[in-house]
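Printed here is entry_6.tsv (TSV, C-alpha atoms):
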```tsv
chain	number	residue	atom	x	y	z
A	1	MET	CA	-14.38	20.87	-54.95
A	2	PRO	CA	-12.94	17.47	-55.93
A	3	TYR	CA	-15.56	16.30	-58.43
A	4	ALA	CA	-13.20	14.14	-60.49
A	5	TYR	CA	-10.88	13.33	-57.59
A	6	ILE	CA	-13.41	10.96	-56.05
A	7	HIS	CA	-14.64	9.81	-59.50
A	8	TYR	CA	-18.07	11.39	-59.09
A	9	PRO	CA	-20.72	10.70	-60.44
A	10	PHE	CA	-19.55	7.18	-61.32
A	11	GLU	CA	-18.52	6.34	-57.74
A	12	ASN	CA	-18.88	7.74	-54.21
A	13	VAL	CA	-22.20	9.42	-54.95
A	14	ALA	CA	-23.35	9.42	-51.30
A	15	LEU	CA	-19.96	10.69	-50.08
A	16	PHE	CA	-20.05	13.58	-52.51
A	17	GLU	CA	-23.66	14.57	-51.95
A	18	ASN	CA	-23.28	14.49	-48.16
A	19	ASN	CA	-20.33	16.89	-48.34
A	20	PHE	CA	-21.41	19.26	-51.10
A	21	PRO	CA	-21.28	22.23	-50.99
A	22	GLY	CA	-18.04	22.29	-49.00
A	23	HIS	CA	-18.08	24.01	-45.62
A	24	PHE	CA	-15.39	26.47	-46.62
A	25	VAL	CA	-12.62	27.17	-49.08
A	26	ALA	CA	-9.53	29.33	-48.56
A	27	GLU	CA	-7.34	31.01	-51.16
A	28	GLY	CA	-5.59	34.28	-51.94
A	29	LEU	CA	-7.18	37.35	-53.46
A	30	ASP	CA	-5.16	36.80	-56.64
A	31	GLN	CA	-7.31	33.72	-57.34
A	32	THR	CA	-10.57	35.71	-57.59
A	33	ARG	CA	-10.55	35.43	-61.37
A	34	GLY	CA	-8.93	31.98	-61.38
A	35	TRP	CA	-9.70	29.26	-58.89
A	36	PHE	CA	-12.71	30.93	-57.21
A	37	TYR	CA	-14.24	31.79	-60.57
A	38	THR	CA	-13.71	28.28	-61.90
A	39	LEU	CA	-15.37	26.75	-58.83
A	40	ILE	CA	-18.42	28.97	-59.24
A	41	VAL	CA	-18.74	28.34	-63.00
A	42	LEU	CA	-18.40	24.55	-62.71
A	43	SER	CA	-20.75	24.11	-59.75
A	44	THR	CA	-23.35	26.51	-61.20
A	45	ALA	CA	-23.30	24.71	-64.54
A	46	LEU	CA	-23.40	21.23	-62.98
A	47	PHE	CA	-25.56	21.72	-59.89
A	48	GLY	CA	-27.08	25.19	-60.05
A	49	LYS	CA	-25.49	26.37	-56.79
A	50	PRO	CA	-22.09	27.44	-55.39
A	51	SER	CA	-19.59	24.77	-54.44
A	52	PHE	CA	-18.79	26.25	-51.01
A	53	ARG	CA	-20.78	27.67	-48.10
A	54	ASN	CA	-18.09	29.92	-46.63
A	55	LEU	CA	-15.05	31.64	-48.05
A	56	ILE	CA	-11.85	32.75	-46.33
A	57	CYS	CA	-9.87	34.96	-48.67
A	58	ASN	CA	-6.48	36.42	-47.73
A	59	GLY	CA	-4.91	39.52	-49.22
A	60	ILE	CA	-1.36	39.93	-50.49
A	61	VAL	CA	1.60	40.30	-48.10
A	62	LEU	CA	3.84	43.13	-49.31
A	63	ALA	CA	7.22	44.42	-48.20
A	64	GLU	CA	7.33	47.14	-45.54
A	65	ASP	CA	7.63	49.84	-48.24
A	66	GLY	CA	4.46	48.63	-49.97
A	67	LYS	CA	6.27	47.00	-52.89
A	68	LYS	CA	6.02	43.33	-53.87
A	69	MET	CA	8.37	41.09	-51.94
A	70	SER	CA	11.37	40.35	-54.10
A	71	LYS	CA	14.25	37.91	-53.65
A	72	ARG	CA	16.35	40.13	-55.90
A	73	LEU	CA	15.68	43.29	-53.88
A	74	ARG	CA	15.77	41.45	-50.55
A	75	ASN	CA	13.15	43.85	-49.24
A	76	TYR	CA	11.74	41.51	-46.61
A	77	PRO	CA	13.14	39.68	-43.56
A	78	SER	CA	13.74	35.95	-43.76
A	79	PRO	CA	10.76	34.01	-42.31
A	80	SER	CA	13.23	31.78	-40.45
A	81	GLU	CA	14.83	34.86	-38.91
A	82	VAL	CA	11.46	36.21	-37.73
A	83	ILE	CA	10.46	32.85	-36.23
A	84	ASN	CA	13.84	32.38	-34.54
A	85	ASP	CA	13.68	35.88	-33.04
A	86	TYR	CA	10.04	36.04	-31.95
A	87	GLY	CA	8.48	32.59	-32.38
A	88	ALA	CA	5.97	31.09	-34.79
A	89	ASP	CA	3.00	31.98	-32.58
A	90	ALA	CA	3.87	35.69	-32.58
A	91	LEU	CA	4.12	35.65	-36.37
A	92	ARG	CA	0.84	33.73	-36.63
A	93	LEU	CA	-1.01	36.14	-34.33
A	94	TYR	CA	0.44	39.16	-36.14
A	95	MET	CA	-0.85	37.86	-39.45
A	96	ILE	CA	-4.28	36.84	-38.16
A	97	ASN	CA	-4.76	40.23	-36.50
A	98	SER	CA	-3.95	42.16	-39.69
A	99	PRO	CA	-5.82	43.36	-42.81
A	100	VAL	CA	-4.52	40.37	-44.78
A	101	VAL	CA	-7.27	38.08	-43.39
A	102	ARG	CA	-9.86	40.56	-44.70
A	103	ALA	CA	-8.56	40.16	-48.27
A	104	GLU	CA	-6.63	43.44	-47.95
A	105	PRO	CA	-2.89	43.98	-48.49
A	106	LEU	CA	-0.45	43.90	-45.56
A	107	CYS	CA	2.84	45.78	-45.51
A	108	PHE	CA	4.81	43.32	-43.39
A	109	ARG	CA	6.86	44.82	-40.59
A	110	LYS	CA	9.14	42.76	-38.38
A	111	ASP	CA	8.60	45.34	-35.63
A	112	GLY	CA	4.92	44.45	-35.76
A	113	VAL	CA	5.72	40.87	-34.75
A	114	TYR	CA	7.83	42.19	-31.86
A	115	GLY	CA	4.83	44.31	-30.84
A	116	VAL	CA	2.78	41.12	-30.49
A	117	VAL	CA	5.42	39.58	-28.23
A	118	LYS	CA	5.62	42.71	-26.10
A	119	GLY	CA	1.89	43.48	-25.97
A	120	VAL	CA	0.42	39.97	-25.80
A	121	PHE	CA	2.78	37.16	-24.90
A	122	LEU	CA	4.85	38.87	-22.20
A	123	PRO	CA	1.82	40.06	-20.16
A	124	TRP	CA	0.13	36.68	-20.69
A	125	TYR	CA	3.24	34.82	-19.53
A	126	ASN	CA	3.68	37.19	-16.59
A	127	ALA	CA	0.16	36.35	-15.36
A	128	TYR	CA	1.01	32.64	-15.66
A	129	ARG	CA	4.37	33.13	-13.93
A	130	PHE	CA	2.69	35.08	-11.11
A	131	LEU	CA	0.33	32.12	-10.58
A	132	VAL	CA	3.22	29.62	-10.49
A	133	GLN	CA	5.29	31.74	-8.11
A	134	ASN	CA	2.49	32.09	-5.61
A	135	THR	CA	1.44	28.43	-5.73
A	136	LYS	CA	5.05	27.49	-4.95
A	137	ARG	CA	5.11	30.10	-2.18
A	138	LEU	CA	2.33	28.22	-0.37
A	139	GLU	CA	4.53	25.12	-0.10
A	140	ILE	CA	7.61	27.12	0.92
A	141	GLU	CA	5.62	28.73	3.75
A	142	GLY	CA	4.56	25.30	5.01
A	143	PHE	CA	1.02	25.14	3.66
A	144	SER	CA	-0.40	22.18	1.75
A	145	PRO	CA	0.35	22.01	-1.99
A	146	PHE	CA	-1.91	23.98	-4.31
A	147	ILE	CA	-4.93	22.11	-5.65
A	148	ALA	CA	-7.32	24.14	-7.78
A	149	ILE	CA	-10.78	24.58	-6.25
A	150	ASP	CA	-13.57	23.23	-8.46
A	151	LEU	CA	-14.91	25.83	-10.86
A	152	SER	CA	-18.52	25.27	-9.75
A	153	MET	CA	-17.55	26.36	-6.23
A	154	LEU	CA	-15.63	29.41	-7.47
A	155	GLU	CA	-18.76	30.68	-9.20
A	156	ASN	CA	-20.16	31.40	-5.73
A	157	SER	CA	-17.21	33.61	-4.74
A	158	SER	CA	-18.26	36.81	-3.00
A	159	ASN	CA	-15.33	38.75	-4.45
A	160	VAL	CA	-16.56	41.09	-7.18
A	161	LEU	CA	-13.41	40.72	-9.31
A	162	ASP	CA	-13.64	36.92	-9.13
A	163	GLN	CA	-17.22	37.18	-10.36
A	164	TRP	CA	-16.14	39.55	-13.11
A	165	ILE	CA	-13.19	37.54	-14.47
A	166	ASN	CA	-15.20	34.30	-14.42
A	167	SER	CA	-17.95	36.00	-16.42
A	168	ALA	CA	-15.44	37.65	-18.78
A	169	THR	CA	-13.86	34.24	-19.43
A	170	GLN	CA	-17.21	32.78	-20.40
A	171	SER	CA	-17.85	35.77	-22.66
A	172	LEU	CA	-14.49	35.06	-24.32
A	173	VAL	CA	-15.48	31.43	-24.97
A	174	HIS	CA	-18.87	32.53	-26.32
A	175	PHE	CA	-17.37	35.16	-28.63
A	176	VAL	CA	-14.60	32.96	-30.08
A	177	ARG	CA	-17.02	30.10	-30.72
A	178	GLN	CA	-19.59	32.42	-32.31
A	179	GLU	CA	-17.10	34.09	-34.66
A	180	MET	CA	-15.33	30.87	-35.61
A	181	ASP	CA	-18.67	29.19	-36.33
A	182	GLY	CA	-19.34	32.10	-38.70
A	183	TYR	CA	-15.86	31.80	-40.29
A	184	ARG	CA	-15.17	35.45	-39.34
A	185	LEU	CA	-11.49	34.88	-38.68
A	186	HIS	CA	-10.67	38.58	-38.88
A	187	MET	CA	-13.06	39.30	-35.99
A	188	VAL	CA	-11.74	36.71	-33.56
A	189	VAL	CA	-8.33	37.86	-32.34
A	190	PRO	CA	-8.96	41.47	-31.13
A	191	TYR	CA	-11.40	40.26	-28.44
A	192	PRO	CA	-8.99	37.73	-26.84
A	193	LEU	CA	-6.25	40.37	-26.90
A	194	LYS	CA	-8.52	42.76	-25.01
A	195	PHE	CA	-9.39	39.97	-22.58
A	196	LEU	CA	-5.72	39.19	-21.85
A	197	ASP	CA	-5.07	42.88	-21.27
A	198	SER	CA	-7.95	42.97	-18.76
A	199	LEU	CA	-6.68	39.82	-17.05
A	200	THR	CA	-3.24	41.28	-16.41
A	201	ASN	CA	-4.09	44.94	-15.87
A	202	ILE	CA	-7.29	44.53	-13.87
A	203	TYR	CA	-7.59	41.11	-12.23
A	204	VAL	CA	-3.94	40.43	-11.37
A	205	ARG	CA	-3.18	44.07	-10.62
A	206	PHE	CA	-6.13	44.69	-8.28
A	207	ASN	CA	-5.90	41.22	-6.68
A	208	ARG	CA	-2.19	41.23	-5.94
A	209	LYS	CA	-2.68	41.21	-2.14
A	210	ARG	CA	-5.05	38.22	-2.32
A	211	LEU	CA	-2.84	36.30	-4.75
A	212	GLU	CA	0.22	36.90	-2.56
A	213	GLY	CA	-1.60	35.58	0.53
A	214	ARG	CA	-1.80	38.86	2.45
A	215	THR	CA	-5.55	38.42	3.07
A	216	GLY	CA	-5.38	34.90	4.48
A	217	GLU	CA	-4.78	31.40	3.11
A	218	GLU	CA	-8.38	30.62	2.17
A	219	ASP	CA	-8.85	33.86	0.24
A	220	CYS	CA	-5.46	33.33	-1.41
A	221	ARG	CA	-6.42	29.83	-2.60
A	222	THR	CA	-9.72	31.14	-3.97
A	223	ALA	CA	-7.94	33.87	-5.96
A	224	LEU	CA	-5.23	31.49	-7.21
A	225	SER	CA	-7.81	28.90	-8.23
A	226	THR	CA	-9.77	31.55	-10.10
A	227	LEU	CA	-6.64	32.68	-11.94
A	228	TYR	CA	-5.75	29.05	-12.67
A	229	HIS	CA	-9.12	28.26	-14.28
A	230	VAL	CA	-9.08	31.52	-16.24
A	231	LEU	CA	-5.62	30.78	-17.64
A	232	LEU	CA	-6.56	27.18	-18.44
A	233	THR	CA	-9.77	28.15	-20.22
A	234	SER	CA	-8.17	31.04	-22.12
A	235	CYS	CA	-5.35	28.72	-23.26
A	236	LYS	CA	-7.90	26.24	-24.63
A	237	ALA	CA	-9.77	29.05	-26.41
A	238	MET	CA	-6.56	30.49	-27.87
A	239	ALA	CA	-4.92	27.16	-28.77
A	240	PRO	CA	-5.99	27.30	-32.46
A	241	PHE	CA	-4.26	30.67	-32.83
A	242	THR	CA	-1.19	30.18	-30.60
A	243	PRO	CA	-0.64	26.40	-30.56
A	244	PHE	CA	2.92	26.34	-29.24
A	245	PHE	CA	2.67	28.93	-26.47
A	246	THR	CA	-0.57	27.52	-25.09
A	247	GLU	CA	0.90	24.00	-25.13
A	248	VAL	CA	3.86	25.13	-22.99
A	249	LEU	CA	1.56	26.73	-20.42
A	250	TYR	CA	-0.85	23.78	-20.47
A	251	GLN	CA	1.85	21.20	-19.78
A	252	ASN	CA	2.47	22.84	-16.40
A	253	LEU	CA	-1.14	23.76	-15.64
A	254	ARG	CA	-2.35	20.19	-16.16
A	255	LYS	CA	-0.14	18.89	-13.33
A	256	VAL	CA	-2.70	19.98	-10.73
A	257	CYS	CA	-5.71	18.81	-12.75
A	258	ASN	CA	-6.73	15.16	-12.38
A	259	GLY	CA	-7.61	13.39	-15.62
A	260	ALA	CA	-6.20	16.14	-17.84
A	261	GLN	CA	-5.41	15.33	-21.47
A	262	GLU	CA	-1.76	14.87	-22.47
A	263	SER	CA	-1.86	17.86	-24.80
A	264	ILE	CA	-4.00	20.96	-25.03
A	265	HIS	CA	-4.71	19.98	-28.63
A	266	TYR	CA	-6.45	16.83	-27.39
A	267	CYS	CA	-8.83	18.96	-25.32
A	268	SER	CA	-12.28	19.92	-26.52
A	269	PHE	CA	-13.04	23.59	-27.00
A	270	PRO	CA	-14.41	24.99	-23.69
A	271	GLU	CA	-18.15	24.80	-23.17
A	272	GLU	CA	-19.96	28.05	-22.47
A	273	GLY	CA	-20.86	28.69	-18.84
A	274	LYS	CA	-22.89	31.28	-16.96
A	275	ARG	CA	-22.20	34.91	-17.83
A	276	GLY	CA	-23.02	38.03	-15.83
A	277	GLU	CA	-23.35	40.95	-18.21
A	278	ARG	CA	-24.08	43.37	-15.38
A	279	ILE	CA	-20.86	42.65	-13.49
A	280	GLU	CA	-18.85	42.99	-16.72
A	281	GLN	CA	-20.53	46.31	-17.40
A	282	SER	CA	-19.80	47.49	-13.85
A	283	VAL	CA	-16.08	46.73	-14.08
A	284	SER	CA	-15.97	48.40	-17.50
A	285	ARG	CA	-17.43	51.51	-15.88
A	286	MET	CA	-14.82	51.35	-13.13
A	287	MET	CA	-12.02	51.26	-15.69
A	288	THR	CA	-13.60	54.18	-17.59
A	289	ILE	CA	-13.46	56.29	-14.42
A	290	ILE	CA	-9.86	55.26	-13.73
A	291	ASP	CA	-8.75	56.04	-17.29
A	292	LEU	CA	-10.47	59.44	-17.26
A	293	ALA	CA	-8.93	60.30	-13.88
A	294	HIS	CA	-5.46	59.36	-15.15
A	295	ASN	CA	-5.95	61.61	-18.17
A	296	ILE	CA	-6.94	64.52	-15.92
A	297	ARG	CA	-3.86	63.91	-13.74
A	298	GLU	CA	-1.63	64.04	-16.82
A	299	ARG	CA	-3.19	67.27	-18.05
A	300	HIS	CA	-2.58	68.91	-14.66
A	301	ASN	CA	0.86	67.32	-14.13
A	302	LYS	CA	-0.30	65.48	-11.01
A	303	PRO	CA	1.70	62.23	-10.56
A	304	LEU	CA	0.01	59.11	-9.16
A	305	LYS	CA	1.97	59.46	-5.92
A	306	THR	CA	0.13	62.70	-5.19
A	307	PRO	CA	-3.05	61.81	-3.26
A	308	LEU	CA	-6.38	63.32	-4.28
A	309	ARG	CA	-8.44	65.09	-1.66
A	310	GLU	CA	-11.63	64.20	-3.48
A	311	MET	CA	-12.95	63.17	-6.88
A	312	VAL	CA	-16.37	64.11	-8.20
A	313	VAL	CA	-18.04	61.93	-10.84
A	314	VAL	CA	-21.00	63.39	-12.72
A	315	HIS	CA	-23.17	61.07	-14.81
A	316	PRO	CA	-26.87	61.06	-15.76
A	317	ASP	CA	-27.24	57.28	-15.27
A	318	LYS	CA	-27.96	56.34	-11.64
A	319	ASP	CA	-26.88	52.73	-12.25
A	320	PHE	CA	-23.50	54.00	-13.39
A	321	LEU	CA	-23.05	55.99	-10.18
A	322	ASP	CA	-24.26	53.06	-8.06
A	323	ASP	CA	-21.69	50.77	-9.68
A	324	ILE	CA	-18.68	52.96	-8.98
A	325	SER	CA	-19.77	53.93	-5.47
A	326	GLY	CA	-20.60	50.39	-4.39
A	327	LYS	CA	-18.33	47.32	-4.32
A	328	LEU	CA	-15.95	48.82	-6.89
A	329	ARG	CA	-15.27	52.02	-4.94
A	330	GLU	CA	-12.27	50.43	-3.22
A	331	GLY	CA	-10.71	49.48	-6.56
A	332	ILE	CA	-11.10	53.01	-7.90
A	333	CYS	CA	-9.58	54.55	-4.78
A	334	ALA	CA	-6.63	52.11	-4.88
A	335	ALA	CA	-5.94	52.88	-8.55
A	336	LEU	CA	-6.05	56.65	-8.08
```
Let me see whether you can do it: turn the structure in this file into structure tokens.
Amino acid sequence: MPYAYIHYPFENVALFENNFPGHFVAEGLDQTRGWFYTLIVLSTALFGKPSFRNLICNGIVLAEDGKKMSKRLRNYPSPSEVINDYGADALRLYMINSPVVRAEPLCFRKDGVYGVVKGVFLPWYNAYRFLVQNTKRLEIEGFSPFIAIDLSMLENSSNVLDQWINSATQSLVHFVRQEMDGYRLHMVVPYPLKFLDSLTNIYVRFNRKRLEGRTGEEDCRTALSTLYHVLLTSCKAMAPFTPFFTEVLYQNLRKVCNGAQESIHYCSFPEEGKRGERIEQSVSRMMTIIDLAHNIRERHNKPLKTPLREMVVVHPDKDFLDDISGKLREGICAAL
């Protein structure tokens, strides 16, 4: 903490006392016996308490073989090369979602950054591209241009997957805010990654007919508007972690939103809305059944093109059986 920097205690007494202890400090693990230790000793001796409330400590980034990175050995890829090949956001997300943010060592692998591009950014972009393609399709087919339906109206959608993805989006906002408020950076990223996977592999996949307009214009606009708001909100929630990618998506998304900020980084973090834990649990159960059925097919060498005469689900929980035999039955049958 900058005791002498602001000439405390001879000047700026109120400024110092209103901001001490600091909200957080960040440094590498190698400073445990240096900078961190000095901060603790000085503040304890002077004020009888630590100088910071939260600590973010990163581990050491090592070469892929576990050795220290060395210019002489050239045992690591050039950072410029990694960024040019895969982008700064992919590198950033790879680092945040690694042991290094838990003060543990990371053996850096360039292939790991590529894995982020393949597993996160491509599916995310494909969902965005699918939205853009189908909004343009409306105009090509002679319908009025796409204008997103207000989110408050979409919350009353009768479609179970609309209800689920709206609730899941609010759960994402709640989780990211909760973990960031607690400075648990290492906990934040896995949840959004799981959310993006669900968005592409559940919502877009099972709603393809609606999004493509095969169930009527009104239903199509409802589905497209839902996907639009989900992408917009998820971009705002992920902007601190992927600032460049989310900005690119936002610049196009904001064109159909009146009064939108010029940049996603001018936007406030999304406010938490209404969540439906039951509907999220129901869809989770649906995906459990689908995954188990796929595993059984693989074990018996039964390809997806081979229809099933019947499928029997045994479970002790009646609510579980009610979920998968009710509104979600159609989704299970379509997937299997």
What's the 6 Å shell around Thr135 in chain A, counting only C-alpha atoms, without same-chain residues fewer than 3 positions away, as a ChimeraX atom specification?
/A:132,138,146
Okay, now the selection with C-alpha atoms, as a short mmCIF file (atom, residue, chain, number, x, y, z; two decimals), keeping the file's coordinate frame?
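See selection01.cif below for the written result:
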```
data_model
loop_
_atom_site.label_atom_id
_atom_site.label_comp_id
_atom_site.auth_asym_id
_atom_site.auth_seq_id
_atom_site.Cartn_x
_atom_site.Cartn_y
_atom_site.Cartn_z
CA VAL A 132 3.22 29.62 -10.49
CA LEU A 138 2.33 28.22 -0.37
CA PHE A 146 -1.91 23.98 -4.31
#
```
Give the padded box for range 135-142 of chain A as lines of an AutoDock Vina configuration file: axis-aligned, covering all atoms listed in the file, 6 Å on each side, centre and edge lengths in Å to one decimal.
```
center_x = 4.5
center_y = 27.6
center_z = -0.4
size_x = 18.2
size_y = 17.0
size_z = 22.7
```
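The nearest approach to Gln31 in chain A among the residues A:Asn301, A:Asn12, A:Gln251, A:Asn58, with only C-alpha atoms taken into account, belongs to A:Asn58.
CA of Phe52 in chain A is found 4.5 Å from CA of Gly22 in chain A.
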One decimal, Å: what's the distance from CA of Ile56 in chain A over to CA of Thr169 in chain A, could you say?
27.0 Å
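Between Tyr128 in chain A and the residues A:Val314, A:Leu321, A:Ile290, A:Val230, the shortest atom-to-atom distance, using all atoms listed in the file, involves A:Val230.
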Separation of CA of Thr246 in chain A from CA of Asp162 in chain A in Å:
22.7 Å
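Proximity ranking of A:Val248, A:Ile96, A:Ile147, A:Ala127 relative to Asp197 in chain A places A:Ala127 first, based on all atoms listed in the file.
Of the residues under consideration (A:His23, A:Arg184, A:Lys68, A:Arg177), A:Arg184 shows the shortest atom-to-atom contact distance to Val101 in chain A when counting all atoms listed in the file.
Distance annotation: of A:Leu131, A:Met238, A:Cys220, A:Ile40, the residue with the minimal separation from Thr200 in chain A is A:Leu131; atom set is all atoms listed in the file.
Taking all atoms listed in the file into account, Asn159 in chain A lies nearest to A:Thr226 out of the set A:Ser171, A:Gln178, A:Thr44, A:Thr226.
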